[in-house]
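Student: Sending over query29.cif (mmCIF, C-alpha atoms).
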```
data_entry
#
loop_
_atom_site.group_PDB
_atom_site.id
_atom_site.type_symbol
_atom_site.label_atom_id
_atom_site.label_comp_id
_atom_site.auth_asym_id
_atom_site.auth_seq_id
_atom_site.Cartn_x
_atom_site.Cartn_y
_atom_site.Cartn_z
ATOM 1 C CA MET A 30 74.906 116.242 87.693
ATOM 2 C CA PHE A 31 72.854 119.056 89.197
ATOM 3 C CA ALA A 32 70.031 121.165 87.803
ATOM 4 C CA ARG A 33 68.867 124.713 88.505
ATOM 5 C CA MET A 34 65.219 125.180 87.532
ATOM 6 C CA ALA A 35 63.788 128.697 87.263
ATOM 7 C CA THR A 36 60.032 129.055 86.766
ATOM 8 C CA PHE A 37 58.618 132.225 85.229
ATOM 9 C CA THR A 38 55.039 133.452 84.940
ATOM 10 C CA LEU A 39 54.124 134.907 81.570
ATOM 11 C CA SER A 40 51.745 137.703 80.733
ATOM 12 C CA ASP A 41 51.823 136.802 77.021
ATOM 13 C CA PRO A 42 52.790 133.127 76.478
ATOM 14 C CA SER A 43 52.010 133.321 72.760
ATOM 15 C CA ARG A 44 55.072 135.488 72.150
ATOM 16 C CA VAL A 45 57.609 133.452 74.124
ATOM 17 C CA ALA A 46 58.262 130.840 71.449
ATOM 18 C CA ASP A 47 59.122 133.617 68.996
ATOM 19 C CA MET A 48 61.453 135.195 71.549
ATOM 20 C CA SER A 49 63.160 132.000 72.718
ATOM 21 C CA GLU A 50 65.857 132.045 70.026
ATOM 22 C CA ARG A 51 66.715 135.667 70.761
ATOM 23 C CA ILE A 52 66.891 135.002 74.496
ATOM 24 C CA ARG A 53 68.974 131.862 73.932
ATOM 25 C CA ALA A 54 71.370 133.761 71.659
ATOM 26 C CA ALA A 55 71.893 136.398 74.356
ATOM 27 C CA ALA A 56 72.149 133.979 77.287
ATOM 28 C CA GLU A 57 74.185 131.134 75.830
ATOM 29 C CA PRO A 58 77.518 132.978 75.497
ATOM 30 C CA ILE A 59 77.196 133.948 79.161
ATOM 31 C CA THR A 60 76.268 130.473 80.389
ATOM 32 C CA ARG A 61 78.951 128.744 78.299
ATOM 33 C CA GLU A 62 81.549 130.629 80.364
ATOM 34 C CA LEU A 63 80.209 129.260 83.660
ATOM 35 C CA PRO A 64 82.459 126.611 85.203
ATOM 36 C CA GLY A 65 80.819 123.206 85.015
ATOM 37 C CA TRP A 66 77.860 124.312 82.865
ATOM 38 C CA GLN A 67 76.575 121.265 80.976
ATOM 39 C CA GLY A 68 73.637 122.638 78.983
ATOM 40 C CA ALA A 69 70.114 123.954 79.326
ATOM 41 C CA ALA A 70 66.490 123.316 78.387
ATOM 42 C CA GLN A 71 63.529 125.679 78.032
ATOM 43 C CA MET A 72 59.963 124.455 78.489
ATOM 44 C CA LEU A 73 56.753 126.365 77.867
ATOM 45 C CA ASP A 74 53.268 125.776 79.257
ATOM 46 C CA ARG A 75 51.192 127.989 76.958
ATOM 47 C CA ASP A 76 47.877 127.185 78.658
ATOM 48 C CA GLY A 77 49.258 127.664 82.154
ATOM 49 C CA GLY A 78 51.228 130.803 81.298
ATOM 50 C CA LYS A 79 54.524 129.465 82.636
ATOM 51 C CA MET A 80 58.019 128.845 81.358
ATOM 52 C CA VAL A 81 60.684 126.711 82.995
ATOM 53 C CA VAL A 82 64.382 127.083 82.246
ATOM 54 C CA ILE A 83 66.693 124.333 83.477
ATOM 55 C CA HIS A 84 70.482 124.668 83.524
ATOM 56 C CA TYR A 85 72.645 121.619 84.157
ATOM 57 C CA PHE A 86 75.943 121.671 86.057
ATOM 58 C CA ASP A 87 78.580 119.086 86.808
ATOM 59 C CA THR A 88 78.714 119.805 90.559
ATOM 60 C CA GLU A 89 76.548 121.414 93.200
ATOM 61 C CA GLU A 90 79.370 123.857 93.932
ATOM 62 C CA ASN A 91 79.506 125.092 90.336
ATOM 63 C CA MET A 92 75.719 125.419 90.271
ATOM 64 C CA SER A 93 75.770 127.525 93.452
ATOM 65 C CA ALA A 94 78.665 129.641 92.203
ATOM 66 C CA ALA A 95 76.685 130.514 89.053
ATOM 67 C CA GLU A 96 73.810 132.074 90.998
ATOM 68 C CA SER A 97 75.144 135.640 90.827
ATOM 69 C CA THR A 98 75.530 135.316 87.043
ATOM 70 C CA PHE A 99 71.890 134.256 86.698
ATOM 71 C CA GLU A 100 70.782 137.170 88.880
ATOM 72 C CA ASP A 101 72.810 139.621 86.765
ATOM 73 C CA MET A 102 72.097 138.071 83.359
ATOM 74 C CA PRO A 103 69.096 140.209 82.309
ATOM 75 C CA HIS A 104 71.192 143.348 82.882
ATOM 76 C CA ARG A 105 73.711 142.031 80.346
ATOM 77 C CA PHE A 106 71.082 141.786 77.577
ATOM 78 C CA ASP A 107 70.628 144.745 75.242
ATOM 79 C CA GLU A 108 67.881 147.199 76.147
ATOM 80 C CA SER A 109 65.520 146.159 73.339
ATOM 81 C CA LEU A 110 65.608 142.528 74.509
ATOM 82 C CA ARG A 111 65.103 143.528 78.146
ATOM 83 C CA GLU A 112 62.069 145.608 77.132
ATOM 84 C CA GLU A 113 60.581 142.742 75.125
ATOM 85 C CA ILE A 114 61.078 140.366 78.069
ATOM 86 C CA ARG A 115 59.335 142.859 80.369
ATOM 87 C CA ARG A 116 56.333 142.879 78.004
ATOM 88 C CA ILE A 117 55.888 139.100 77.931
ATOM 89 C CA ALA A 118 57.139 137.968 81.346
ATOM 90 C CA GLY A 119 55.212 138.326 84.560
ATOM 91 C CA GLY A 120 58.313 137.609 86.623
ATOM 92 C CA ARG A 121 60.319 134.809 88.130
ATOM 93 C CA GLN A 122 58.124 132.674 90.346
ATOM 94 C CA SER A 123 60.736 130.368 91.841
ATOM 95 C CA VAL A 124 64.205 128.859 91.591
ATOM 96 C CA ASP A 125 64.697 125.253 92.632
ATOM 97 C CA ARG A 126 67.826 123.133 92.659
ATOM 98 C CA PHE A 127 68.045 119.387 92.160
ATOM 99 C CA GLU A 128 70.485 116.551 91.962
ATOM 100 C CA VAL A 129 69.931 114.739 88.664
ATOM 101 C CA LEU A 130 69.720 111.033 89.405
ATOM 102 C CA GLY A 131 69.372 109.924 85.803
ATOM 103 C CA GLU A 132 67.912 110.650 82.417
ATOM 104 C CA ALA A 133 66.955 108.776 79.278
ATOM 105 C CA ARG A 134 66.875 109.957 75.680
ATOM 106 C CA VAL A 135 65.926 108.275 72.466
ATOM 107 C CA GLY A 136 68.861 107.946 70.083
ATOM 108 C CA GLY A 137 71.071 109.711 72.527
#
```
Since I need it in another form, could you write the structure as structure tokens?

Tutor:
Amino acid sequence: MFARMATFTLSDPSRVADMSERIRAAAEPITRELPGWQGAAQMLDRDGGKMVVIHYFDTEENMSAAESTFEDMPHRFDESLREEIRRIAGGRQSVDRFEVLGEARVGG
């Protein structure tokens, strides 16, 4: 498995948790269509003003092929959502890619 991790700076971290369901609802139908997409996780550092979004893929090739979709995704959101994101997000800080060597979950 492979993971694409995008890190965003936030100008208003207090509002992100409220927005996360709306963003997920807009993004998930797009990501579910990506070949090899295995799921995603969103993490918020309120004190540090950062959010990390990780998308999991079955192969490195499928992860790389999805890059243009991630670049285009905000343009596919409705205008009101894009405006709200502009108000709370300072911008994308970085995108990193990893091979997932393993994971553990309770009750999983």

Student: As a list in words, please: the residues near Tyr85 in chain A (cut-off 8 Å, only C-alpha atoms, same-chain neighbours under 5 positions excluded).

Tutor: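 Neighbouring residues, sequence-local ones excluded: Met30, Phe31, Ala32, Arg33, Trp66, Gln67, Gly68, Ala69 and Met92 of chain A.
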
Student: Report the residues retrieved by the PyMOL selection byres ((chain A and resi 73) around 12) from the displayed file, expressed as a list of chain:residue names.

Tutor: A:Ala35, A:Thr36, A:Phe37, A:Thr38, A:Leu39, A:Asp41, A:Pro42, A:Ser43, A:Arg44, A:Val45, A:Ala46, A:Asp47, A:Met48, A:Ser49, A:Ala70, A:Gln71, A:Met72, A:Asp74, A:Arg75, A:Asp76, A:Gly77, A:Gly78, A:Lys79, A:Met80, A:Val81, A:Val82, A:Ile83

Student: Neighbouring residues of Glu100 in chain A were defined as those with any atom within 12 Å, considering all atoms listed in the file; residues of the same chain fewer than 6 positions away were excluded. Please report them as a list in words.

Tutor: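 Surrounding residues, per the criterion: Ala35, Ser93, Ala94, Arg121 and Val124 of chain A.
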
Student: So, counting all atoms listed in the file, which residue among A:Asp87, A:Glu113, A:Asp107, A:Glu132 is closest to Ala55 in chain A?

Tutor: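 Nearest candidate to Ala55 in chain A out of A:Asp87, A:Glu113, A:Asp107, A:Glu132: A:Asp107.
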
Student: Using all atoms listed in the file, which of A:Glu62, A:Glu57, A:Glu50, A:Glu89 sits nearest Glu128 in chain A?

Tutor: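 Under the stated criterion, the closest residue is A:Glu89.
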
Student: Between CA of Ala54 in chain A and CA of Ser109 in chain A, what is the spacing in Å?

Tutor: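 Going from CA of Ser109 in chain A over to CA of Ala54 in chain A covers 13.8 Å.
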
Student: Please list as an NGL selection string every residue within 10 Å of Glu90 in chain A, counting all atoms listed in the file and excluding residues in the same chain fewer than 5 positions away.

Tutor: :A and (31 or 64-65 or 95)

Student: For the residues in that selection, give me C-alpha atoms as an mmCIF file, keeping the file's coordinate frame.

Tutor:
```cif
data_model
loop_
_atom_site.group_PDB
_atom_site.id
_atom_site.type_symbol
_atom_site.label_atom_id
_atom_site.label_comp_id
_atom_site.auth_asym_id
_atom_site.auth_seq_id
_atom_site.Cartn_x
_atom_site.Cartn_y
_atom_site.Cartn_z
ATOM 1 C CA PHE A 31 72.854 119.056 89.197
ATOM 2 C CA PRO A 64 82.459 126.611 85.203
ATOM 3 C CA GLY A 65 80.819 123.206 85.015
ATOM 4 C CA ALA A 95 76.685 130.514 89.053
#
```

Student: Go through A:Asp125, A:Arg53, A:Thr88, A:Ser40 one by one, measure the shortest atom-to-atom distance of each to Phe106 in chain A using only C-alpha atoms, and give the residue with the smallest value.

Tutor: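 So, comparing all the options, the nearest one is A:Arg53.
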
Student: With distances taken over all atoms listed in the file, which of A:Leu63, A:Ala56, A:Ala118, A:Val129 is nearest to Met34 in chain A?

Tutor: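 With all atoms listed in the file as the atom set, the closest residue is A:Val129.
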
Student: By how many Å are CA of Asn91 in chain A and CA of Ile59 in chain A apart?

Tutor: 14.4 Å

Student: So the first atom is CA of Arg115 in chain A and the second is CA of Pro103 in chain A; what is the distance between them in Å, to one decimal place?

Tutor: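 Spanning CA of Arg115 in chain A to CA of Pro103 in chain A is a straight-line distance of 10.3 Å.
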
Student: Looking at A:Ile52, A:Gln122, A:Ile114, A:Thr60, which one is nearest to Thr98 in chain A, with distances taken over only C-alpha atoms?

Tutor: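 Once distances to Thr98 in chain A are computed over only C-alpha atoms, the minimum belongs to A:Thr60.
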
Student: Is it possible to add N, CA and C atoms to range 49-60 of chain A and hand it back as a PDB file, in the frame of the given file?

Tutor:
```pdb
ATOM      1  N   SER A  49      62.233 132.941  72.084  1.00  0.00           N
ATOM      2  CA  SER A  49      63.160 132.000  72.718  1.00  0.00           C
ATOM      3  C   SER A  49      64.523 131.967  72.033  1.00  0.00           C
ATOM      4  N   GLU A  50      64.570 132.063  70.720  1.00  0.00           N
ATOM      5  CA  GLU A  50      65.857 132.045  70.026  1.00  0.00           C
ATOM      6  C   GLU A  50      66.675 133.296  70.346  1.00  0.00           C
ATOM      7  N   ARG A  51      66.006 134.419  70.431  1.00  0.00           N
ATOM      8  CA  ARG A  51      66.715 135.667  70.761  1.00  0.00           C
ATOM      9  C   ARG A  51      67.258 135.635  72.199  1.00  0.00           C
ATOM     10  N   ILE A  52      66.448 135.119  73.100  1.00  0.00           N
ATOM     11  CA  ILE A  52      66.891 135.002  74.496  1.00  0.00           C
ATOM     12  C   ILE A  52      68.046 134.008  74.588  1.00  0.00           C
ATOM     13  N   ARG A  53      67.907 132.857  73.915  1.00  0.00           N
ATOM     14  CA  ARG A  53      68.974 131.862  73.932  1.00  0.00           C
ATOM     15  C   ARG A  53      70.268 132.438  73.372  1.00  0.00           C
ATOM     16  N   ALA A  54      70.184 133.179  72.284  1.00  0.00           N
ATOM     17  CA  ALA A  54      71.370 133.761  71.659  1.00  0.00           C
ATOM     18  C   ALA A  54      72.072 134.750  72.594  1.00  0.00           C
ATOM     19  N   ALA A  55      71.306 135.455  73.405  1.00  0.00           N
ATOM     20  CA  ALA A  55      71.893 136.398  74.356  1.00  0.00           C
ATOM     21  C   ALA A  55      72.444 135.700  75.594  1.00  0.00           C
ATOM     22  N   ALA A  56      71.766 134.649  76.039  1.00  0.00           N
ATOM     23  CA  ALA A  56      72.149 133.979  77.287  1.00  0.00           C
ATOM     24  C   ALA A  56      73.252 132.950  77.103  1.00  0.00           C
ATOM     25  N   GLU A  57      73.249 132.252  75.989  1.00  0.00           N
ATOM     26  CA  GLU A  57      74.185 131.134  75.830  1.00  0.00           C
ATOM     27  C   GLU A  57      75.659 131.524  75.928  1.00  0.00           C
ATOM     28  N   PRO A  58      76.102 132.624  75.328  1.00  0.00           N
ATOM     29  CA  PRO A  58      77.518 132.978  75.497  1.00  0.00           C
ATOM     30  C   PRO A  58      77.895 133.224  76.959  1.00  0.00           C
ATOM     31  N   ILE A  59      76.946 133.714  77.731  1.00  0.00           N
ATOM     32  CA  ILE A  59      77.196 133.948  79.161  1.00  0.00           C
ATOM     33  C   ILE A  59      77.269 132.623  79.898  1.00  0.00           C
ATOM     34  N   THR A  60      76.303 131.739  79.657  1.00  0.00           N
ATOM     35  CA  THR A  60      76.268 130.473  80.389  1.00  0.00           C
ATOM     36  C   THR A  60      77.406 129.543  79.980  1.00  0.00           C
TER      37      THR A  60
END
```
